[in-house]
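As stored in target-v9.txt (compact mmCIF, C-alpha atoms):
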```
# COMPACT_ATOMS: atom_id res chain seq x y z
CA MET J 166 73.40 79.89 54.81
CA ARG J 167 69.64 80.20 54.36
CA VAL J 168 67.69 81.43 57.37
CA ARG J 169 63.92 80.99 57.58
CA PRO J 170 62.14 84.25 58.58
CA LEU J 171 60.13 82.44 61.25
CA ALA J 172 63.25 80.94 62.84
CA TRP J 173 64.89 84.38 62.71
CA LEU J 174 61.92 86.04 64.44
CA LEU J 175 61.83 83.26 67.01
CA ALA J 176 65.52 83.78 67.76
CA ILE J 177 64.91 87.53 68.23
CA ALA J 178 61.95 86.93 70.56
CA LEU J 179 63.96 84.39 72.55
CA LEU J 180 66.98 86.70 72.93
CA ALA J 181 64.86 89.72 73.91
CA ALA J 182 62.58 87.86 76.33
CA PRO J 183 63.30 88.23 80.05
CA PRO J 184 64.48 84.73 81.05
CA LEU J 185 67.30 84.49 78.51
CA ASP J 186 67.95 88.24 78.28
CA ALA J 187 68.20 88.60 82.07
CA TRP J 188 70.56 85.59 82.22
CA LEU J 189 72.79 87.02 79.47
CA ASP J 190 72.81 90.48 81.09
CA GLY J 191 73.69 88.96 84.46
CA SER J 192 77.37 88.36 83.75
CA MET J 193 80.03 90.33 81.91
CA PRO J 194 81.37 87.41 79.80
CA ARG J 195 77.84 86.43 78.74
CA LEU J 196 76.88 90.03 77.88
CA LEU J 197 80.02 90.86 75.90
CA LEU J 198 80.88 87.49 74.38
CA VAL J 199 77.49 85.87 73.78
CA GLU J 200 74.71 88.46 73.74
CA THR J 201 76.48 91.18 71.74
CA PRO J 202 77.75 88.86 68.96
CA ALA J 203 74.35 87.10 68.86
CA TRP J 204 72.47 90.34 68.11
CA ILE J 205 75.03 91.33 65.47
CA ALA J 206 74.79 87.88 63.90
CA LEU J 207 70.99 88.13 63.77
CA GLY J 208 71.29 91.52 62.06
CA TRP J 209 73.78 90.04 59.63
CA MET J 210 71.37 87.16 58.88
CA ALA J 211 68.57 89.63 58.11
CA VAL J 212 70.63 90.76 55.12
CA ARG J 213 72.81 87.79 54.22
CA GLY J 214 70.68 84.88 55.39
CA ARG J 215 68.33 84.78 52.44
CA GLY J 216 70.66 82.96 50.05
CA ARG J 217 70.38 85.79 47.50
CA ARG J 218 70.29 89.60 47.64
CA GLY J 219 67.22 90.69 49.56
CA ALA J 220 65.24 93.93 49.66
CA ILE J 221 67.15 95.32 52.68
CA ASP J 222 70.47 94.67 50.98
CA GLU J 223 69.36 96.38 47.77
CA ALA J 224 67.90 99.38 49.61
CA LEU J 225 71.09 99.86 51.64
CA GLY J 226 73.20 99.38 48.53
CA ARG J 227 71.44 102.22 46.71
CA TRP J 228 72.53 104.72 49.38
CA ASP J 229 75.84 103.13 50.22
CA PRO J 230 77.28 101.53 47.09
CA GLY J 231 80.85 101.45 48.45
CA GLY J 232 79.81 100.04 51.85
CA ALA J 233 81.62 102.78 53.80
CA ALA J 234 78.54 104.20 55.56
CA GLY J 235 77.45 100.77 56.77
CA LEU J 236 80.93 100.00 58.05
CA VAL J 237 81.16 103.34 59.90
CA PHE J 238 77.70 102.79 61.41
CA PHE J 239 78.66 99.28 62.55
CA LEU J 240 81.92 100.50 64.13
CA GLY J 241 80.18 103.48 65.75
CA VAL J 242 77.45 101.34 67.32
CA LEU J 243 79.96 98.72 68.47
CA ALA J 244 82.26 101.40 69.95
CA PHE J 245 79.31 102.89 71.84
CA TRP J 246 78.14 99.63 73.41
CA MET J 247 81.67 98.47 74.21
CA LEU J 248 82.28 101.53 76.39
CA PRO J 249 82.27 100.46 80.07
CA ARG J 250 79.82 103.29 80.82
CA SER J 251 77.40 101.93 78.21
CA VAL J 252 77.73 98.40 79.62
CA ASP J 253 76.72 99.85 83.00
CA LEU J 254 73.77 101.62 81.42
CA VAL J 255 72.53 98.33 79.94
CA GLY J 256 72.59 96.80 83.44
CA ALA J 257 70.77 99.75 84.99
CA SER J 258 68.08 100.60 82.45
CA ARG J 259 65.56 98.37 80.69
CA PHE J 260 65.17 100.97 77.95
CA ALA J 261 68.93 101.09 77.31
CA ASN J 262 68.97 97.30 77.22
CA GLN J 263 66.36 97.20 74.44
CA ALA J 264 68.06 100.10 72.63
CA MET J 265 71.26 98.04 72.63
CA HIS J 266 69.43 95.05 71.12
CA ALA J 267 67.88 97.17 68.35
CA SER J 268 71.04 99.07 67.50
CA LEU J 269 73.23 95.94 67.44
CA LEU J 270 70.67 94.28 65.18
CA ALA J 271 70.82 97.29 62.84
CA ALA J 272 74.63 97.35 63.04
CA GLY J 273 74.79 93.66 62.10
CA ALA J 274 72.51 94.32 59.12
CA ALA J 275 74.66 97.29 58.08
CA LEU J 276 77.81 95.15 58.29
CA GLY J 277 76.14 92.36 56.31
CA ALA J 278 75.23 94.80 53.56
CA SER J 279 78.59 96.61 53.58
CA LEU J 280 81.17 93.88 53.78
CA PRO J 281 80.72 92.44 50.26
CA ARG J 282 80.91 95.97 48.80
CA LEU J 283 84.15 96.90 50.57
CA SER J 284 87.50 96.45 48.87
CA PHE J 285 89.77 93.58 49.87
CA ILE J 286 92.20 96.02 51.53
CA VAL J 287 89.48 97.58 53.72
CA ARG J 288 88.15 94.14 54.68
CA GLY J 289 91.70 93.09 55.54
CA ALA J 290 92.19 96.19 57.71
CA LEU J 291 88.88 95.46 59.44
CA GLY J 292 90.01 91.91 60.15
CA ILE J 293 93.33 93.08 61.60
CA TYR J 294 91.42 95.62 63.72
CA ALA J 295 89.09 92.86 65.01
CA VAL J 296 92.04 90.66 66.03
CA SER J 297 93.96 93.50 67.70
CA MET J 298 90.86 94.76 69.55
CA THR J 299 90.01 91.28 70.85
CA PHE J 300 93.57 90.80 72.05
CA SER J 301 94.04 94.28 73.56
CA MET J 302 90.68 94.19 75.35
CA GLY J 303 91.66 90.78 76.70
CA ILE J 304 94.92 92.19 78.05
CA LEU J 305 93.13 95.22 79.55
CA TYR J 306 90.39 93.23 81.29
CA THR J 307 92.85 90.64 82.57
CA THR J 308 95.45 93.00 84.00
CA TYR J 309 93.58 96.15 85.08
CA ASP J 310 93.31 96.21 88.88
CA ALA J 311 90.26 98.46 89.19
CA LEU J 312 86.73 97.88 87.97
CA LEU J 313 85.96 99.17 84.49
CA CYS J 314 82.31 98.18 84.32
CA GLY J 315 80.67 99.16 87.59
CA THR J 316 77.73 96.78 87.31
CA PHE J 317 79.93 93.67 87.46
CA ASP J 318 82.83 92.59 89.66
CA LEU J 319 86.56 92.15 89.27
CA PHE J 320 86.31 88.35 88.92
CA GLN J 321 83.95 88.67 85.96
CA GLN J 322 86.15 91.38 84.43
CA ARG J 323 89.18 89.06 84.61
CA ALA J 324 87.16 86.09 83.30
CA THR J 325 86.05 88.21 80.32
CA GLY J 326 89.67 89.19 79.71
CA ARG J 327 90.86 85.57 79.78
CA LEU J 328 88.09 84.50 77.37
CA LEU J 329 88.93 87.37 75.01
CA LEU J 330 92.58 86.29 75.05
CA LEU J 331 91.53 82.71 74.24
CA LEU J 332 89.24 84.01 71.52
CA SER J 333 91.81 86.20 69.78
CA PRO J 334 93.69 83.35 68.01
CA VAL J 335 90.31 81.98 66.87
CA VAL J 336 89.44 85.41 65.41
CA LEU J 337 92.89 85.50 63.79
CA VAL J 338 92.34 82.10 62.14
CA LEU J 339 88.88 83.18 60.91
CA VAL J 340 90.25 86.46 59.51
CA VAL J 341 93.18 84.76 57.77
CA GLY J 342 90.83 82.06 56.42
CA ALA J 343 88.40 84.67 55.08
CA GLY J 344 91.33 86.60 53.58
CA MET J 345 92.69 83.50 51.82
CA ARG J 346 89.24 82.70 50.46
CA SER J 347 88.82 86.24 49.14
CA LEU J 348 92.31 86.14 47.60
CA SER J 349 91.60 82.87 45.82
CA ARG J 350 88.51 84.46 44.25
CA LEU J 351 90.40 87.48 42.93
CA PRO J 352 91.39 87.36 39.24
CA ALA J 353 95.02 86.28 38.64
CA ARG J 354 96.07 89.78 37.52
CA ALA J 355 94.76 91.34 40.73
CA ARG J 356 96.84 88.83 42.73
CA GLY J 357 99.96 89.93 40.85
CA GLY J 358 100.03 86.94 38.46
CA GLU J 359 99.80 86.78 34.65
CA MET G 137 79.07 115.88 44.36
CA LYS G 138 76.37 113.25 44.62
CA LEU G 139 74.27 113.29 47.78
CA ARG G 140 74.95 109.63 48.51
CA SER G 141 78.72 110.23 48.66
CA LEU G 142 78.02 112.35 51.75
CA VAL G 143 76.22 109.50 53.54
CA PRO G 144 79.38 107.95 55.07
CA VAL G 145 80.51 111.40 56.26
CA ALA G 146 77.10 112.11 57.80
CA VAL G 147 77.03 108.71 59.53
CA ALA G 148 80.58 109.28 60.87
CA ALA G 149 79.59 112.76 62.12
CA VAL G 150 76.51 111.41 63.94
CA CYS G 151 78.55 108.60 65.53
CA LEU G 152 81.29 111.02 66.64
CA VAL G 153 78.81 113.51 68.13
CA ALA G 154 77.01 110.72 70.00
CA LEU G 155 80.27 109.29 71.35
CA ALA G 156 81.65 112.73 72.27
CA SER G 157 78.47 113.67 74.08
CA TRP G 158 78.25 110.36 75.97
CA THR G 159 81.91 110.49 77.04
CA HIS G 160 81.93 114.18 78.08
CA GLY G 161 84.18 115.05 75.13
CA PHE G 162 86.13 111.75 75.15
CA ARG G 163 87.16 112.33 78.79
CA ALA G 164 84.96 109.79 80.55
CA PHE G 165 84.65 106.21 79.29
CA THR G 166 83.54 104.58 82.54
CA SER G 167 80.69 105.43 84.93
CA PHE G 168 83.35 106.24 87.53
CA SER G 169 85.10 108.82 85.36
CA ALA G 170 81.75 110.20 84.13
CA ALA G 171 80.72 110.95 87.74
CA ARG G 172 84.14 112.50 88.38
CA VAL G 173 83.94 114.75 85.30
CA GLY G 174 80.21 115.43 85.80
CA ALA G 175 80.76 116.74 89.34
CA GLY G 176 82.55 119.79 87.90
CA GLN G 177 85.97 121.26 87.47
CA LEU G 178 88.51 121.46 90.27
CA PRO G 179 88.56 123.19 92.65
CA ARG G 180 84.86 122.77 93.44
CA PRO G 181 82.91 123.01 96.67
CA ALA G 182 82.04 119.62 98.15
CA PRO G 183 78.34 119.07 98.96
CA PRO G 184 77.44 118.89 102.68
CA LEU G 185 78.58 115.47 103.92
CA GLU G 186 76.81 114.95 107.23
CA ALA G 187 78.17 111.73 108.70
CA VAL G 188 78.47 109.62 111.87
CA ASP G 189 81.88 108.17 112.67
CA GLU G 190 82.94 104.89 114.30
CA GLN G 191 82.57 106.45 117.77
CA GLY G 192 79.02 107.59 117.02
CA VAL G 193 80.08 111.26 116.72
CA ARG G 194 78.19 113.30 114.14
CA PHE G 195 80.20 115.69 111.92
CA ASP G 196 80.27 117.26 108.46
CA VAL G 197 83.19 115.91 106.40
CA ALA G 198 83.12 118.93 104.07
CA GLU G 199 82.83 121.61 106.77
CA PRO G 200 85.66 124.18 106.68
CA GLY G 201 88.24 123.34 109.31
CA PRO G 202 91.91 123.46 110.25
CA SER G 203 92.91 120.26 108.43
CA LEU G 204 92.96 118.92 104.89
CA ARG G 205 90.81 115.84 104.35
CA LEU G 206 91.49 112.80 102.21
CA VAL G 207 88.14 111.18 101.44
CA GLN G 208 87.54 107.76 99.91
CA ALA G 209 84.36 105.69 99.62
CA MET G 210 84.36 102.21 101.15
CA TYR G 211 82.01 99.24 101.27
CA LEU G 212 82.41 96.99 104.28
CA ARG G 213 81.12 93.84 102.47
CA CYS G 214 83.31 94.41 99.41
CA PRO G 215 85.01 91.13 98.42
CA ASP G 216 87.69 92.45 96.07
CA VAL G 217 88.57 96.11 95.39
CA CYS G 218 87.95 97.82 98.77
CA PRO G 219 90.41 95.79 100.89
CA VAL G 220 93.17 96.69 98.41
CA ALA G 221 92.08 100.34 98.23
CA MET G 222 91.99 100.60 102.04
CA ALA G 223 95.40 98.98 102.34
CA ARG G 224 96.76 101.69 100.03
CA LEU G 225 95.00 104.36 102.10
CA SER G 226 96.72 102.90 105.13
CA LEU G 227 100.09 103.27 103.37
CA ILE G 228 99.29 106.93 102.63
CA ARG G 229 98.42 107.54 106.29
CA ARG G 230 101.67 105.94 107.42
CA SER G 231 103.60 108.01 104.90
CA LEU G 232 101.96 111.22 106.13
CA GLY G 233 103.35 110.46 109.61
CA GLU G 234 102.79 113.17 112.18
CA LEU G 235 100.69 115.32 109.78
CA ALA G 236 97.68 113.14 110.68
CA PRO G 237 95.38 114.04 112.37
CA GLU G 238 96.18 117.70 113.12
CA ARG G 239 96.86 118.84 109.55
CA VAL G 240 95.46 116.00 107.48
CA ARG G 241 92.50 113.83 108.33
CA ILE G 242 91.62 110.67 106.41
CA VAL G 243 87.93 109.78 106.07
CA SER G 244 86.58 106.52 104.67
CA LEU G 245 82.93 107.10 103.81
CA SER G 246 80.69 104.06 103.76
CA VAL G 247 78.46 103.71 100.70
CA ASP G 248 76.03 101.71 102.86
CA ALA G 249 74.22 102.87 106.00
CA ASP G 250 76.62 101.05 108.33
CA PRO G 251 76.08 101.54 112.09
CA PRO G 252 78.98 102.86 114.22
CA SER G 253 79.55 99.35 115.64
CA ALA G 254 80.30 97.93 112.17
CA LEU G 255 82.51 100.92 111.35
CA ARG G 256 84.33 100.45 114.67
CA ASP G 257 85.05 96.80 113.86
CA MET G 258 86.64 97.79 110.55
CA TRP G 259 88.53 100.66 112.21
CA ARG G 260 89.91 98.25 114.84
CA ALA G 261 90.81 95.76 112.11
CA HIS G 262 93.06 98.48 110.70
CA GLY G 263 94.72 98.99 114.10
CA SER G 264 92.54 101.85 115.44
CA PRO G 265 94.58 104.38 113.41
CA ARG G 266 94.92 107.97 114.61
CA GLY G 267 93.75 110.48 112.02
CA TRP G 268 91.74 107.92 110.07
CA THR G 269 87.98 108.11 110.56
CA MET G 270 85.44 105.66 109.22
CA ALA G 271 81.98 107.12 108.82
CA SER G 272 78.53 106.60 107.34
CA LEU G 273 76.61 109.40 105.67
CA VAL G 274 73.41 110.46 107.42
CA GLY G 275 70.12 110.40 105.48
CA ASP G 276 68.63 108.39 102.64
CA ALA G 277 70.30 110.12 99.69
CA VAL G 278 73.75 108.53 100.15
CA GLU G 279 74.21 107.60 96.48
CA GLU G 280 73.07 111.02 95.21
CA THR G 281 75.30 112.84 97.71
CA LEU G 282 78.34 110.80 96.76
CA GLU G 283 77.63 111.32 93.06
CA ARG G 284 77.53 115.09 93.65
CA LEU G 285 80.92 114.68 95.29
CA GLY G 286 82.14 112.86 92.14
CA ILE G 287 81.94 109.28 93.42
CA TRP G 288 79.81 106.88 91.38
CA VAL G 289 77.87 104.28 93.38
CA PHE G 290 75.85 101.39 91.94
CA ARG G 291 73.65 98.95 93.85
CA ARG G 292 73.89 95.62 92.03
CA LYS G 293 71.03 93.14 91.58
CA ASP G 294 72.79 90.68 93.92
CA GLY G 295 72.66 93.28 96.71
CA LEU G 296 76.36 94.18 96.65
CA ILE G 297 77.45 97.76 95.99
CA ASN G 298 80.09 98.89 93.50
CA HIS G 299 81.65 102.33 93.81
CA ALA G 300 84.55 104.51 92.71
CA THR G 301 87.72 104.23 94.79
CA ASP G 302 89.18 107.63 93.86
CA ILE G 303 90.74 109.53 96.75
CA LEU G 304 89.48 113.11 96.98
CA LEU G 305 91.51 115.81 98.67
CA LEU G 306 89.43 118.50 100.37
CA ASP G 307 91.16 121.72 101.37
CA ARG G 308 90.54 123.67 104.58
CA GLU G 309 87.58 125.49 102.98
CA GLY G 310 85.94 122.17 102.16
CA ARG G 311 86.62 122.33 98.42
CA VAL G 312 87.65 119.31 96.38
CA VAL G 313 91.06 120.35 95.10
CA ARG G 314 92.57 117.08 93.86
CA VAL G 315 91.28 113.68 92.79
CA PHE G 316 93.77 110.84 93.00
CA SER G 317 93.23 107.56 91.23
CA ALA G 318 93.23 104.64 93.68
CA ASP G 319 96.06 102.93 91.77
CA GLU G 320 98.41 105.94 92.04
CA ASP G 321 101.58 105.44 94.05
CA PRO G 322 100.63 106.01 97.73
CA GLU G 323 103.96 107.73 98.37
CA ALA G 324 103.38 110.15 95.46
CA ILE G 325 99.89 110.96 96.82
CA ALA G 326 101.32 111.53 100.32
CA GLU G 327 103.99 113.81 98.85
CA GLN G 328 101.38 116.01 97.14
CA VAL G 329 99.28 116.14 100.32
CA ARG G 330 102.37 117.10 102.34
CA GLU G 331 103.08 119.99 99.94
CA LEU G 332 99.53 121.33 100.33
CA ALA G 333 99.55 120.83 104.09
CA SER G 334 102.76 122.78 104.62
```
Could you take the file, read its structure, and then write that structure out as structure tokens?
Amino acid sequence: MRVRPLAWLLAIALLAAPPLDAWLDGSMPRLLLVETPAWIALGWMAVRGRGRRGAIDEALGRWDPGGAAGLVFFLGVLAFWMLPRSVDLVGASRFANQAMHASLLAAGAALGASLPRLSFIVRGALGIYAVSMTFSMGILYTTYDALLCGTFDLFQQRATGRLLLLLSPVVLVLVVGAGMRSLSRLPARARGGE
Amino acid sequence: MKLRSLVPVAVAAVCLVALASWTHGFRAFTSFSAARVGAGQLPRPAPPLEAVDEQGVRFDVAEPGPSLRLVQAMYLRCPDVCPVAMARLSLIRRSLGELAPERVRIVSLSVDADPPSALRDMWRAHGSPRGWTMASLVGDAVEETLERLGIWVFRRKDGLINHATDILLLDREGRVVRVFSADEDPEAIAEQVRELAS
């Protein structure tokens, strides 16, 4: 998918600007299921949306040829902003809110640069992790009786949980689809054939 | 060893240090638990908790006295968590039986500056229970005081207030000696309080 730089910058400005940003921050499902993936996707597009290898991709590749550092950075940033305490911080501080945008953008770029360099096994493990995390967070948010994120309420927490549970089979289908596509591109010998 | 092979290790180390620092050593993942851990190790002295109860009587919740005190924050306009938390507190009071109020006193501390009349309405709604006081903290620094006690309070943009529902046990010297999670079995909490009261 080719992304025009101007459209990309416009999307960033739109997401960071108060009307849309405040609306996305105003509810737990919107913050976790729309805003967070949107920033990661924009970071991803910065690296992968040019149609061919860009300067960012090549620069990251020089320092991280195996893709491990980018993957660890992506998981670290995501783990940080998924903590209920961090979600509260985003709701309470404008600075933290912008720091979340910037770091998720960087994490998306790191993932975009890393993923093609990772082995099929590591990508598979990452996919399984994504499905299990979506499902287990859905269970947690749906069934836990007390508030986890103090800036929202119990109704929003449960709604987020239900949406995550609905989303988990979709993530599973996407992961399996991506896995099948990767497998079909592997040479026959690597698949165990002649 | 090439320098770039250390990059993933360095990135992992930075991420781990940041996460460990933010979660108080992987012990506090929510704002509620961060306030609980940040208030200090148990037993710890409670900060002065000057309050006015539902009868308009002024007292210090943390002042040394003859009885243990079970303290929980409450928000009178709370639509979801507080009614459940207070119902569980009511079960604990019933389970404590004749220990309340002479040896154990239960205090629900409002996170808002509720007047005694509003506190009295809530107290009556719970059957005017003996040994269970509903009170508002005196002064402007309610949120800071409760955070020093280990209770996180957050004023939302829609005007409602979220807060921790942990139940704190204060001993006769006014020290916080136990922190019970609000979803713990009320009978198990009452049993531990009975042991300390005897």
May I have the residues of chain J within 9 Å of chain G, counting all atoms listed in the file, written as a ChimeraX atom specification? /J:191,227-230,232-238,240-242,244-245,248-254,256-257,310-320
Using all atoms listed in the file, find all polymer residues with an atom at most 12 Å away from the point (97.0, 118.4, 111.1); report them as a ChimeraX atom specification. /G:201-206,229,232-242,266-268,307-308,329-330,332-334
Work out how far atom CA of G:Leu282 is from atom CA of G:Glu199, in Å to one decimal. 15.4 Å
Once you count all atoms listed in the file, which residues end up no further than 10 Å from (71.0, 92.5, 78.6) in the file's frame, shown as a JSON list (two decimals) with C-alpha atoms, keeping the file's coordinate frame?
```json
[["chain", "number", "residue", "atom", "x", "y", "z"],
["J", 180, "LEU", "CA", 66.98, 86.70, 72.93],
["J", 181, "ALA", "CA", 64.86, 89.72, 73.91],
["J", 182, "ALA", "CA", 62.58, 87.86, 76.33],
["J", 183, "PRO", "CA", 63.30, 88.23, 80.05],
["J", 185, "LEU", "CA", 67.30, 84.49, 78.51],
["J", 186, "ASP", "CA", 67.95, 88.24, 78.28],
["J", 187, "ALA", "CA", 68.20, 88.60, 82.07],
["J", 188, "TRP", "CA", 70.56, 85.59, 82.22],
["J", 189, "LEU", "CA", 72.79, 87.02, 79.47],
["J", 190, "ASP", "CA", 72.81, 90.48, 81.09],
["J", 191, "GLY", "CA", 73.69, 88.96, 84.46],
["J", 192, "SER", "CA", 77.37, 88.36, 83.75],
["J", 193, "MET", "CA", 80.03, 90.33, 81.91],
["J", 195, "ARG", "CA", 77.84, 86.43, 78.74],
["J", 196, "LEU", "CA", 76.88, 90.03, 77.88],
["J", 197, "LEU", "CA", 80.02, 90.86, 75.90],
["J", 200, "GLU", "CA", 74.71, 88.46, 73.74],
["J", 201, "THR", "CA", 76.48, 91.18, 71.74],
["J", 252, "VAL", "CA", 77.73, 98.40, 79.62],
["J", 254, "LEU", "CA", 73.77, 101.62, 81.42],
["J", 255, "VAL", "CA", 72.53, 98.33, 79.94],
["J", 256, "GLY", "CA", 72.59, 96.80, 83.44],
["J", 257, "ALA", "CA", 70.77, 99.75, 84.99],
["J", 258, "SER", "CA", 68.08, 100.60, 82.45],
["J", 259, "ARG", "CA", 65.56, 98.37, 80.69],
["J", 261, "ALA", "CA", 68.93, 101.09, 77.31],
["J", 262, "ASN", "CA", 68.97, 97.30, 77.22],
["J", 263, "GLN", "CA", 66.36, 97.20, 74.44],
["J", 265, "MET", "CA", 71.26, 98.04, 72.63],
["J", 266, "HIS", "CA", 69.43, 95.05, 71.12]]
```
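Atom to atom, atom CA of J:Trp173 and atom CA of J:Leu339 stand 24.1 Å apart.
As for atom CA of J:Ala211 and atom CA of J:Ala176, they are spaced 11.7 Å apart.
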From the list G:Met210, G:Ile325, G:Ala156, G:Leu285, the nearest residue to G:Arg311 using only C-alpha atoms is G:Leu285
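Each of J:Pro334, J:Pro170, J:Gly214, J:Pro281 was checked against J:Ala295 using only C-alpha atoms; the smallest atom-to-atom distance is that of J:Pro334.
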Box dimensions and centre (Å, one decimal) enclosing stretch 283-299 of chain J, axis-aligned, 5 Å extra per side, as AutoDock Vina command-line options:
```
--center_x 89.1 --center_y 94.1 --center_z 59.9 --size_x 19.8 --size_y 16.9 --size_z 32.0
```
Nearest-residue call for J:Gly289, choices J:Leu348, J:Val335, J:Ala220, J:Met247, using only C-alpha atoms: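 With only C-alpha atoms as the atom set, the closest residue is J:Leu348.
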Find, counting all atoms listed in the file, the residue in J:Gly219, J:Trp204, J:Val199, J:Gly277 that gets nearest to J:Ala264. J:Trp204
Because the input lacks atoms here, generate N, CA, C and O atoms for stretch 242-253 of chain J and report them as a PDB file, in the frame of the given file.
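Dumped everything to result-v7.pdb:
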```
ATOM      1  N   VAL J 242      78.362 101.997  66.371  1.00  0.00           N
ATOM      2  CA  VAL J 242      77.450 101.340  67.320  1.00  0.00           C
ATOM      3  C   VAL J 242      78.237 100.414  68.249  1.00  0.00           C
ATOM      4  O   VAL J 242      78.045 100.410  69.469  1.00  0.00           O
ATOM      5  N   LEU J 243      79.171  99.657  67.665  1.00  0.00           N
ATOM      6  CA  LEU J 243      79.960  98.720  68.470  1.00  0.00           C
ATOM      7  C   LEU J 243      80.810  99.492  69.499  1.00  0.00           C
ATOM      8  O   LEU J 243      80.890  99.106  70.668  1.00  0.00           O
ATOM      9  N   ALA J 244      81.430 100.589  69.043  1.00  0.00           N
ATOM     10  CA  ALA J 244      82.260 101.400  69.950  1.00  0.00           C
ATOM     11  C   ALA J 244      81.415 101.919  71.113  1.00  0.00           C
ATOM     12  O   ALA J 244      81.840 101.918  72.269  1.00  0.00           O
ATOM     13  N   PHE J 245      80.190 102.355  70.796  1.00  0.00           N
ATOM     14  CA  PHE J 245      79.310 102.890  71.840  1.00  0.00           C
ATOM     15  C   PHE J 245      78.991 101.834  72.890  1.00  0.00           C
ATOM     16  O   PHE J 245      79.127 102.076  74.089  1.00  0.00           O
ATOM     17  N   TRP J 246      78.589 100.647  72.445  1.00  0.00           N
ATOM     18  CA  TRP J 246      78.140  99.630  73.410  1.00  0.00           C
ATOM     19  C   TRP J 246      79.297  98.896  74.070  1.00  0.00           C
ATOM     20  O   TRP J 246      79.091  98.164  75.036  1.00  0.00           O
ATOM     21  N   MET J 247      80.517  99.080  73.557  1.00  0.00           N
ATOM     22  CA  MET J 247      81.670  98.470  74.210  1.00  0.00           C
ATOM     23  C   MET J 247      82.260  99.380  75.302  1.00  0.00           C
ATOM     24  O   MET J 247      83.108  98.966  76.079  1.00  0.00           O
ATOM     25  N   LEU J 248      81.792 100.636  75.341  1.00  0.00           N
ATOM     26  CA  LEU J 248      82.280 101.530  76.390  1.00  0.00           C
ATOM     27  C   LEU J 248      81.818 101.005  77.753  1.00  0.00           C
ATOM     28  O   LEU J 248      80.646 100.660  77.910  1.00  0.00           O
ATOM     29  N   PRO J 249      82.702 100.950  78.744  1.00  0.00           N
ATOM     30  CA  PRO J 249      82.270 100.460  80.070  1.00  0.00           C
ATOM     31  C   PRO J 249      81.052 101.211  80.604  1.00  0.00           C
ATOM     32  O   PRO J 249      80.165 100.624  81.209  1.00  0.00           O
ATOM     33  N   ARG J 250      80.969 102.512  80.326  1.00  0.00           N
ATOM     34  CA  ARG J 250      79.820 103.290  80.820  1.00  0.00           C
ATOM     35  C   ARG J 250      78.515 102.808  80.173  1.00  0.00           C
ATOM     36  O   ARG J 250      77.463 102.777  80.818  1.00  0.00           O
ATOM     37  N   SER J 251      78.592 102.421  78.889  1.00  0.00           N
ATOM     38  CA  SER J 251      77.400 101.930  78.210  1.00  0.00           C
ATOM     39  C   SER J 251      77.013 100.554  78.740  1.00  0.00           C
ATOM     40  O   SER J 251      75.817 100.244  78.865  1.00  0.00           O
ATOM     41  N   VAL J 252      78.013  99.727  79.044  1.00  0.00           N
ATOM     42  CA  VAL J 252      77.730  98.400  79.620  1.00  0.00           C
ATOM     43  C   VAL J 252      76.989  98.575  80.941  1.00  0.00           C
ATOM     44  O   VAL J 252      76.021  97.861  81.231  1.00  0.00           O
ATOM     45  N   ASP J 253      77.406  99.557  81.734  1.00  0.00           N
ATOM     46  CA  ASP J 253      76.720  99.850  83.000  1.00  0.00           C
ATOM     47  C   ASP J 253      75.283 100.297  82.759  1.00  0.00           C
ATOM     48  O   ASP J 253      74.361  99.920  83.495  1.00  0.00           O
TER      49      ASP J 253
END
```
